[in-house]
Every structure is written in C-alpha cells, then in structure tokens.
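Printed here is final-v7.cif (mmCIF, C-alpha atoms and all ligand atoms):
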data_query
loop_
_atom_site.label_atom_id
_atom_site.label_comp_id
_atom_site.auth_asym_id
_atom_site.auth_seq_id
_atom_site.Cartn_x
_atom_site.Cartn_y
_atom_site.Cartn_z
CA MET A 1 118.29 110.78 113.51
CA THR A 2 118.21 109.98 109.82
CA ILE A 3 115.85 107.42 108.34
CA ALA A 4 118.83 105.05 108.01
CA ASP A 5 119.59 105.45 111.74
CA GLN A 6 115.97 104.83 112.68
CA ILE A 7 115.81 101.70 110.53
CA ARG A 8 118.98 100.40 112.14
CA GLN A 9 117.41 101.01 115.54
CA VAL A 10 114.09 99.33 114.67
CA ARG A 11 115.88 96.31 113.19
CA SER A 12 118.01 95.97 116.26
CA ASN A 13 114.93 96.14 118.49
CA ILE A 14 113.19 93.47 116.42
CA GLU A 15 116.23 91.24 116.67
CA HIS A 16 116.44 91.75 120.41
CA TYR A 17 112.76 90.95 121.00
CA CYS A 18 113.02 87.89 118.77
CA GLN A 19 115.97 86.63 120.79
CA GLN A 20 114.12 87.21 124.05
CA ALA A 21 111.15 85.30 122.68
CA ASN A 22 113.33 82.47 121.39
CA ARG A 23 112.44 83.21 117.82
CA SER A 24 114.76 83.37 114.86
CA SER A 25 115.71 86.97 114.12
CA ASP A 26 114.41 86.71 110.56
CA ALA A 27 110.99 85.42 111.69
CA VAL A 28 109.52 88.91 111.65
CA LYS A 29 109.13 90.94 108.49
CA LEU A 30 109.43 94.72 108.77
CA LEU A 31 106.85 96.68 106.81
CA ALA A 32 107.69 100.41 106.63
CA VAL A 33 104.52 102.49 106.83
CA SER A 34 105.21 105.50 104.63
CA LYS A 35 101.78 107.16 104.58
CA THR A 36 102.02 110.99 104.49
CA HIS A 37 105.78 110.81 103.88
CA PRO A 38 107.22 111.84 100.51
CA ALA A 39 108.67 109.60 97.82
CA ASN A 40 112.23 110.63 98.68
CA ALA A 41 111.75 109.27 102.22
CA ILE A 42 110.72 105.92 100.70
CA GLN A 43 113.77 106.03 98.43
CA GLU A 44 115.96 106.61 101.47
CA ALA A 45 114.40 103.69 103.36
CA TYR A 46 114.86 101.49 100.29
CA GLU A 47 118.56 102.36 100.27
CA SER A 48 118.70 101.07 103.85
CA GLY A 49 117.33 97.73 102.71
CA ILE A 50 113.57 98.14 103.22
CA THR A 51 111.66 96.49 100.39
CA GLU A 52 108.05 96.51 101.63
CA PHE A 53 106.02 99.65 102.22
CA GLY A 54 102.55 100.24 103.63
CA GLU A 55 100.28 103.06 102.50
CA SER A 56 96.85 104.11 103.77
CA TYR A 57 95.59 106.96 101.63
CA LEU A 58 94.81 105.90 98.13
CA GLN A 59 95.51 109.00 96.07
CA GLU A 60 98.84 109.88 97.63
CA ALA A 61 99.82 106.22 97.49
CA ILE A 62 99.14 105.92 93.76
CA ASP A 63 101.13 109.11 93.10
CA LYS A 64 104.13 107.71 94.98
CA ILE A 65 103.87 104.27 93.40
CA LYS A 66 103.92 105.83 89.93
CA HIS A 67 106.76 108.15 90.86
CA LEU A 68 108.83 105.24 92.20
CA GLN A 69 107.86 102.68 89.60
CA ASN A 70 111.48 101.77 88.89
CA LEU A 71 112.07 100.82 92.50
CA PRO A 72 111.53 97.05 92.94
CA VAL A 73 109.46 97.28 96.12
CA ILE A 74 106.33 95.56 97.37
CA TRP A 75 103.37 97.81 98.14
CA HIS A 76 100.82 97.01 100.85
CA PHE A 77 97.53 98.85 101.10
CA ILE A 78 96.70 99.03 104.81
CA GLY A 79 94.15 101.86 105.01
CA PRO A 80 90.37 102.11 104.96
CA LEU A 81 89.02 100.96 101.61
CA GLN A 82 85.63 101.76 100.13
CA SER A 83 84.21 99.34 97.64
CA ASN A 84 83.96 101.99 94.91
CA LYS A 85 87.73 102.61 95.20
CA THR A 86 88.99 99.08 94.75
CA ARG A 87 90.14 99.30 91.12
CA PRO A 88 93.33 101.35 91.65
CA VAL A 89 94.20 99.07 94.56
CA ALA A 90 93.77 95.98 92.38
CA GLU A 91 95.91 97.59 89.68
CA HIS A 92 98.79 99.00 91.73
CA PHE A 93 99.27 97.05 94.94
CA ASP A 94 100.81 93.67 95.75
CA TRP A 95 99.08 93.23 99.10
CA VAL A 96 95.92 94.49 100.79
CA GLN A 97 95.69 94.12 104.55
CA SER A 98 92.49 96.02 105.28
CA ILE A 99 89.82 93.67 103.96
CA ASP A 100 86.74 93.52 106.15
CA LYS A 101 83.84 93.09 103.70
CA PRO A 102 82.96 90.34 101.19
CA LYS A 103 82.30 92.95 98.53
CA LEU A 104 85.89 94.19 98.71
CA LEU A 105 87.18 90.70 98.00
CA GLU A 106 84.78 90.14 95.12
CA ARG A 107 85.63 93.44 93.47
CA LEU A 108 89.39 93.13 93.92
CA ASN A 109 89.26 89.62 92.50
CA GLN A 110 87.35 90.85 89.46
CA GLN A 111 89.53 93.93 88.93
CA ARG A 112 92.93 92.32 89.36
CA PRO A 113 94.55 92.72 85.93
CA ALA A 114 95.25 89.53 83.99
CA GLY A 115 98.91 88.58 84.13
CA MET A 116 99.50 90.00 87.58
CA ARG A 117 100.17 87.68 90.48
CA PRO A 118 97.10 87.17 92.69
CA LEU A 119 96.55 89.94 95.20
CA GLN A 120 98.00 88.94 98.57
CA VAL A 121 95.36 89.50 101.21
CA CYS A 122 95.15 89.84 104.99
CA LEU A 123 91.75 90.16 106.59
CA GLN A 124 91.50 93.01 109.06
CA ALA A 125 90.10 91.68 112.32
CA ASN A 126 88.31 93.68 114.97
CA LEU A 127 88.46 91.23 117.86
CA PHE A 128 87.92 93.61 120.75
CA ASN A 129 84.42 94.78 119.83
CA GLU A 130 85.41 98.34 119.06
CA PRO A 131 82.40 99.67 117.16
CA GLN A 132 84.23 102.79 115.91
CA LYS A 133 86.98 100.73 114.29
CA ARG A 134 87.02 98.89 111.01
CA GLY A 135 87.66 95.20 110.84
CA ALA A 136 85.67 91.99 110.83
CA SER A 137 84.30 90.30 113.93
CA ARG A 138 85.18 86.72 114.59
CA ALA A 139 81.95 85.53 112.97
CA GLU A 140 82.47 87.75 109.92
CA LEU A 141 86.01 86.44 109.56
CA LEU A 142 84.68 82.94 108.93
CA GLU A 143 82.63 84.16 106.01
CA LEU A 144 85.50 86.26 104.61
CA LEU A 145 87.95 83.38 104.88
CA ALA A 146 85.71 81.09 102.85
CA ILE A 147 85.27 83.72 100.14
CA ALA A 148 88.94 84.71 100.00
CA ASP A 149 89.94 81.08 99.77
CA SER A 150 87.67 80.51 96.78
CA LEU A 151 88.66 83.43 94.55
CA PRO A 152 91.34 82.80 91.90
CA ASN A 153 92.91 86.26 91.90
CA ILE A 154 93.07 86.51 95.66
CA GLN A 155 95.65 84.73 97.76
CA LEU A 156 94.69 84.51 101.41
CA ARG A 157 97.76 85.25 103.57
CA GLY A 158 96.44 85.93 107.06
CA LEU A 159 95.14 88.46 109.55
CA MET A 160 95.92 92.09 110.29
CA VAL A 161 94.95 93.69 113.60
CA ILE A 162 95.16 97.06 115.28
CA PRO A 163 94.16 96.33 118.87
CA PRO A 164 93.02 99.07 121.27
CA ALA A 165 95.97 101.31 122.16
CA GLN A 166 97.42 100.36 125.55
CA ALA A 167 100.40 101.98 127.22
CA ASP A 168 100.85 99.04 129.56
CA LEU A 169 103.05 96.24 128.23
CA ASN A 170 101.11 93.50 130.00
CA LYS A 171 97.82 94.72 128.55
CA GLN A 172 99.41 94.75 125.10
CA ARG A 173 100.58 91.19 125.69
CA GLU A 174 97.11 90.02 126.72
CA GLN A 175 95.53 91.47 123.61
CA PHE A 176 98.10 90.04 121.22
CA ALA A 177 97.95 86.65 122.93
CA TYR A 178 94.23 86.58 122.25
CA VAL A 179 94.72 87.57 118.59
CA ASN A 180 97.33 84.88 118.20
CA GLN A 181 94.98 82.30 119.68
CA VAL A 182 92.24 83.24 117.19
CA TYR A 183 94.77 83.18 114.33
CA GLN A 184 96.07 79.73 115.29
CA GLN A 185 92.52 78.41 115.42
CA LEU A 186 91.57 79.77 112.02
CA GLN A 187 94.83 78.52 110.56
CA GLN A 188 93.80 74.95 111.29
CA ASN A 189 91.13 75.27 108.61
CA TYR A 190 93.22 77.50 106.33
CA PRO A 191 96.74 76.14 106.66
CA ALA A 192 97.99 78.20 103.72
CA MET A 193 97.74 81.32 105.87
CA ASP A 194 101.22 82.39 106.92
CA THR A 195 100.89 86.00 108.03
CA LEU A 196 99.98 87.48 111.37
CA SER A 197 100.37 91.21 110.83
CA MET A 198 100.42 92.92 114.21
CA GLY A 199 102.60 95.38 116.08
CA MET A 200 103.28 99.04 115.33
CA SER A 201 105.87 101.52 116.60
CA SER A 202 104.66 101.44 120.20
CA ASP A 203 103.82 97.76 120.70
CA ILE A 204 106.35 95.76 118.70
CA GLN A 205 107.71 93.90 121.69
CA ALA A 206 104.37 92.45 122.86
CA ALA A 207 103.46 91.58 119.26
CA ILE A 208 106.71 89.70 118.64
CA GLU A 209 106.35 87.80 121.91
CA ASN A 210 102.97 86.63 120.61
CA GLN A 211 104.03 85.31 117.21
CA SER A 212 103.54 88.33 115.02
CA ASN A 213 105.51 87.76 111.84
CA MET A 214 104.94 91.16 110.27
CA VAL A 215 105.26 94.45 112.14
CA ARG A 216 104.09 97.70 110.55
CA VAL A 217 106.27 100.59 111.62
CA GLY A 218 105.64 104.19 110.57
CA THR A 219 106.63 106.74 113.21
CA GLY A 220 109.57 104.63 114.39
CA ILE A 221 111.15 104.88 110.93
CA PHE A 222 109.95 108.11 109.35
CA GLY A 223 109.18 110.21 112.43
CA ALA A 224 105.92 112.02 113.18
CA ARG A 225 103.36 112.19 110.40
CA GLN A 226 102.14 115.36 108.73
CA GLU A 227 98.47 116.25 108.79
CA ILE A 228 96.47 113.51 107.15
CA LYS A 229 96.05 114.13 103.45
CA LYS A 230 92.99 112.75 101.76
C1 LIG B 301 99.67 104.20 110.38
C2 LIG B 301 99.58 102.74 110.55
C3 LIG B 301 100.65 102.01 111.11
C4 LIG B 301 101.93 102.64 111.63
O1 LIG B 301 101.73 103.23 112.88
P1 LIG B 301 102.96 103.81 113.73
O2 LIG B 301 102.41 103.92 115.09
O3 LIG B 301 103.31 105.13 113.13
O4 LIG B 301 104.08 102.85 113.64
C5 LIG B 301 100.51 100.63 111.17
N1 LIG B 301 99.40 100.01 110.73
C6 LIG B 301 98.37 100.67 110.22
C7 LIG B 301 97.17 99.92 109.74
C8 LIG B 301 98.41 102.06 110.11
O5 LIG B 301 97.36 102.71 109.60
#
Would you encode the structure as structure tokens?
Amino acid sequence: MTIADQIRQVRSNIEHYCQQANRSSDAVKLLAVSKTHPANAIQEAYESGITEFGESYLQEAIDKIKHLQNLPVIWHFIGPLQSNKTRPVAEHFDWVQSIDKPKLLERLNQQRPAGMRPLQVCLQANLFNEPQKRGASRAELLELLAIADSLPNIQLRGLMVIPPAQADLNKQREQFAYVNQVYQQLQQNYPAMDTLSMGMSSDIQAAIENQSNMVRVGTGIFGARQEIKK
C-alpha cells in the first residue's frame, strides 16, 4: 500500500471509531509520526492532507525540517529530550509533547525566539509507575502544570501518554479510561488545556473511546521503521 492508501485507511478507522463512540468525526486530530522516515515520505503524506508531523530524534528531525521548510506543516517533538538539547527544539518546533522535567520548561521558555508563537506543550505523563519509562508521575504533573502555566513563551495544551503495551482491547480501554480520568481532573484547575494525546497505531480504538483528541500514528501510515538513528 502507498502512504496515501494507508492514510485513507487510518482516517477511515478514526472516523469509524468516532462514530461508534458517539463522537464527531473531526474530534480527533491525526498526527503522523515520521521519525526514521525520509523527507519525501513526509512530502507524500502532506499531499494526502496531513499537516502535523511528529518526530523523536532531534538531529534527523532538524535536517528534515530544514529540507522541508517551504511546506506549511506543524512540527511536534515527541521524543526523549535532554535539557542540554532544548535550544534547537525551541527554535524549530511548534509543539513539544515530551516534557517531564521543570528544567525543560524553563529552558524552552527562555530559548523560544522572540516573535515566534509560544511553544505549544503537552506534559508527558507516566501514570502506570513504569520506572524504565519517561514521563511525570501524578505528583510531578502538578508541579509541571503550575510552571508551564506561568511561563510566557509556553502554552500549556495538555497531556501525552504512552501506556504499557497491551494486546488486549479491554486492558487498553482500562488504561486509557484511567488516563482520561486524571486528565479531566487536572483540567478543572487548568481549563485552557484542550489536548489529550493518546493512541498509536495499535491502540487507536481504545484511545478514541476514552476521549483522546490526538492520535499519533507512525507504523500505520509509513510502515515499519528503519533502525533507530541517533
Ligand atoms: C514512535 C511513536 C509513536 C508512533 O508509534 P506507532 O506504533 O508506529 O504508531 C507515537 N508516539 C510516540 C511518542 C512515539 O515515540
């Protein structure tokens, strides 16, 4: 299947799951995760109507962003971020979804170039106590929310989660239901938050049933990834 075919398929799945969940079919934004895939694959997805792309590896991402600078797309950084690597993210991305430390927020706020729109931020939550995974615990989220909310060059948009992989649909549902419950609670104090970024190629359905409004799809659009580049 071509990238265009795969996008058609993913969109039709999203629409179907939205209908099943009694949600409007445009309630869920599709973020195409293009990490490890070349610039021409991004170009092809753009021609099929995709306007938002997620990247995880900083150097390859910056190369592609520069190469495609005439393409009016929105770039999301969704990968692990070290605090000494924040500057290129602040300079080249529209969104960052992998914030799990106060220092990242402070540096991105400081390094965001004047004249650019505030950086759109989702906090990465680790709500299932997985020590090997990045992401903030529930207690850490409270601190991060307060900081993000106070910084002028940061616009707090919501939460991003990658729950433990589960093959079973009901287990996926349980996990996303819990994330949604935490999100709804936090939103009461931060009503400007409007983004619950959850669901990837293999768990879109359960995510959409539980109020995800941004799914991040890589494999389902671009096929299997190459070896991870640095
Ligand atoms: C790679 C990645 C995805 C996409 O995963 P697929 O299973 O290929 O759809 C989504 N979110 C994050 C944070 C990722 O790193």
Near ligand LIG 301 (chain B), 10 Å: chain A residue rows, closest pairs, all atoms listed in the file, as a tab-separated table:
residue	atom	partner	partner_atom	distance
A:Leu31	CA	B:LIG301	C5	8.6
A:Ala32	CA	B:LIG301	C4	7.9
A:Val33	CA	B:LIG301	C4	5.5
A:Ser34	CA	B:LIG301	C1	8.1
A:Lys35	CA	B:LIG301	C1	6.8
A:Thr36	CA	B:LIG301	C1	9.3
A:Gly54	CA	B:LIG301	N1	7.8
A:Glu55	CA	B:LIG301	O5	7.7
A:Ser56	CA	B:LIG301	O5	6.0
A:Tyr57	CA	B:LIG301	O5	9.2
A:Phe77	CA	B:LIG301	C7	8.7
A:Ile78	CA	B:LIG301	C7	5.0
A:Gly79	CA	B:LIG301	O5	5.7
A:Pro80	CA	B:LIG301	O5	8.4
A:Gln97	CA	B:LIG301	C7	7.9
A:Ser98	CA	B:LIG301	C7	7.6
A:Gln124	CA	B:LIG301	C7	9.0
A:Met160	CA	B:LIG301	C7	7.9
A:Val161	CA	B:LIG301	C7	7.7
A:Ile162	CA	B:LIG301	C7	6.6
A:Ala165	CA	B:LIG301	O2	9.9
A:Ser197	CA	B:LIG301	N1	8.9
A:Met198	CA	B:LIG301	N1	8.0
A:Gly199	CA	B:LIG301	C5	7.5
A:Met200	CA	B:LIG301	O4	4.2
A:Ser201	CA	B:LIG301	O4	3.7
A:Ser202	CA	B:LIG301	O2	6.1
A:Asp203	CA	B:LIG301	O2	8.5
A:Ile204	CA	B:LIG301	O4	9.0
A:Val215	CA	B:LIG301	C5	7.9
A:Arg216	CA	B:LIG301	C5	4.7
A:Val217	CA	B:LIG301	O4	3.7
A:Gly218	CA	B:LIG301	O3	3.6
A:Thr219	CA	B:LIG301	O3	3.7
A:Gly220	CA	B:LIG301	O4	5.8
A:Ile221	CA	B:LIG301	O4	7.8
A:Phe222	CA	B:LIG301	O3	8.2
A:Gly223	CA	B:LIG301	O3	7.8
A:Ala224	CA	B:LIG301	O3	7.4
A:Arg225	CA	B:LIG301	O3	7.6
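Among the candidates A:Leu151, A:Ala207, A:Ala61, A:Ala4, the one nearest to Ala45 in chain A when counting only C-alpha atoms is A:Ala4.
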Give me, as an MDAnalysis selection string, all polymer residues having an atom no more than 12 Å from Asn210 in chain A, counting only C-alpha atoms and skipping those fewer than 3 positions away in the same chain. chainID A and resid 17:18 20:23 28 170 172:184 196:199 203:207 213:215
Store the residues picked out above, limited to C-alpha atoms, as an mmCIF file, in the frame of the given file.
data_model
loop_
_atom_site.group_PDB
_atom_site.id
_atom_site.type_symbol
_atom_site.label_atom_id
_atom_site.label_comp_id
_atom_site.auth_asym_id
_atom_site.auth_seq_id
_atom_site.Cartn_x
_atom_site.Cartn_y
_atom_site.Cartn_z
ATOM 1 C CA TYR A 17 112.760 90.950 121.000
ATOM 2 C CA CYS A 18 113.020 87.890 118.770
ATOM 3 C CA GLN A 20 114.120 87.210 124.050
ATOM 4 C CA ALA A 21 111.150 85.300 122.680
ATOM 5 C CA ASN A 22 113.330 82.470 121.390
ATOM 6 C CA ARG A 23 112.440 83.210 117.820
ATOM 7 C CA VAL A 28 109.520 88.910 111.650
ATOM 8 C CA ASN A 170 101.110 93.500 130.000
ATOM 9 C CA GLN A 172 99.410 94.750 125.100
ATOM 10 C CA ARG A 173 100.580 91.190 125.690
ATOM 11 C CA GLU A 174 97.110 90.020 126.720
ATOM 12 C CA GLN A 175 95.530 91.470 123.610
ATOM 13 C CA PHE A 176 98.100 90.040 121.220
ATOM 14 C CA ALA A 177 97.950 86.650 122.930
ATOM 15 C CA TYR A 178 94.230 86.580 122.250
ATOM 16 C CA VAL A 179 94.720 87.570 118.590
ATOM 17 C CA ASN A 180 97.330 84.880 118.200
ATOM 18 C CA GLN A 181 94.980 82.300 119.680
ATOM 19 C CA VAL A 182 92.240 83.240 117.190
ATOM 20 C CA TYR A 183 94.770 83.180 114.330
ATOM 21 C CA GLN A 184 96.070 79.730 115.290
ATOM 22 C CA LEU A 196 99.980 87.480 111.370
ATOM 23 C CA SER A 197 100.370 91.210 110.830
ATOM 24 C CA MET A 198 100.420 92.920 114.210
ATOM 25 C CA GLY A 199 102.600 95.380 116.080
ATOM 26 C CA ASP A 203 103.820 97.760 120.700
ATOM 27 C CA ILE A 204 106.350 95.760 118.700
ATOM 28 C CA GLN A 205 107.710 93.900 121.690
ATOM 29 C CA ALA A 206 104.370 92.450 122.860
ATOM 30 C CA ALA A 207 103.460 91.580 119.260
ATOM 31 C CA ASN A 213 105.510 87.760 111.840
ATOM 32 C CA MET A 214 104.940 91.160 110.270
ATOM 33 C CA VAL A 215 105.260 94.450 112.140
#
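From CA of Ser48 in chain A back to CA of Asp5 in chain A, the distance works out to 9.1 Å.
Closest approach to Leu123 in chain A among A:Leu145, A:Ile208, A:Leu81, A:Leu108: A:Leu145, based on only C-alpha atoms.
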Find, counting only C-alpha atoms, the residue in A:Tyr190, A:Phe128, A:Tyr46, A:Phe93 that gets nearest to Lys66 in chain A.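 Counting only C-alpha atoms, the residue closest to Lys66 in chain A is A:Phe93.
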Can you work out the spacing between CA of Ile154 in chain A and CA of Thr51 in chain A in Å, to one decimal?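 Atom-to-atom, CA of Ile154 in chain A and CA of Thr51 in chain A are spaced 21.6 Å apart.
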For the atom pair CA of Ser137 in chain A and CA of Phe53 in chain A, what is the interatomic distance in Å to one decimal place?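 Straight-line distance from CA of Ser137 in chain A to CA of Phe53 in chain A works out to 26.4 Å.
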Among listed residues A:Gln69, A:Asn153, A:Gln43, A:Gln82, nearest Gln110 in chain A (using all atoms listed in the file): A:Asn153
Pick from A:Asp94, A:Glu130, A:Asp100, A:Glu209 nearest to Met116 in chain A, counting all atoms listed in the file: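 Checking each of A:Asp94, A:Glu130, A:Asp100, A:Glu209 against Met116 in chain A, counting all atoms listed in the file, the winner is A:Asp94.
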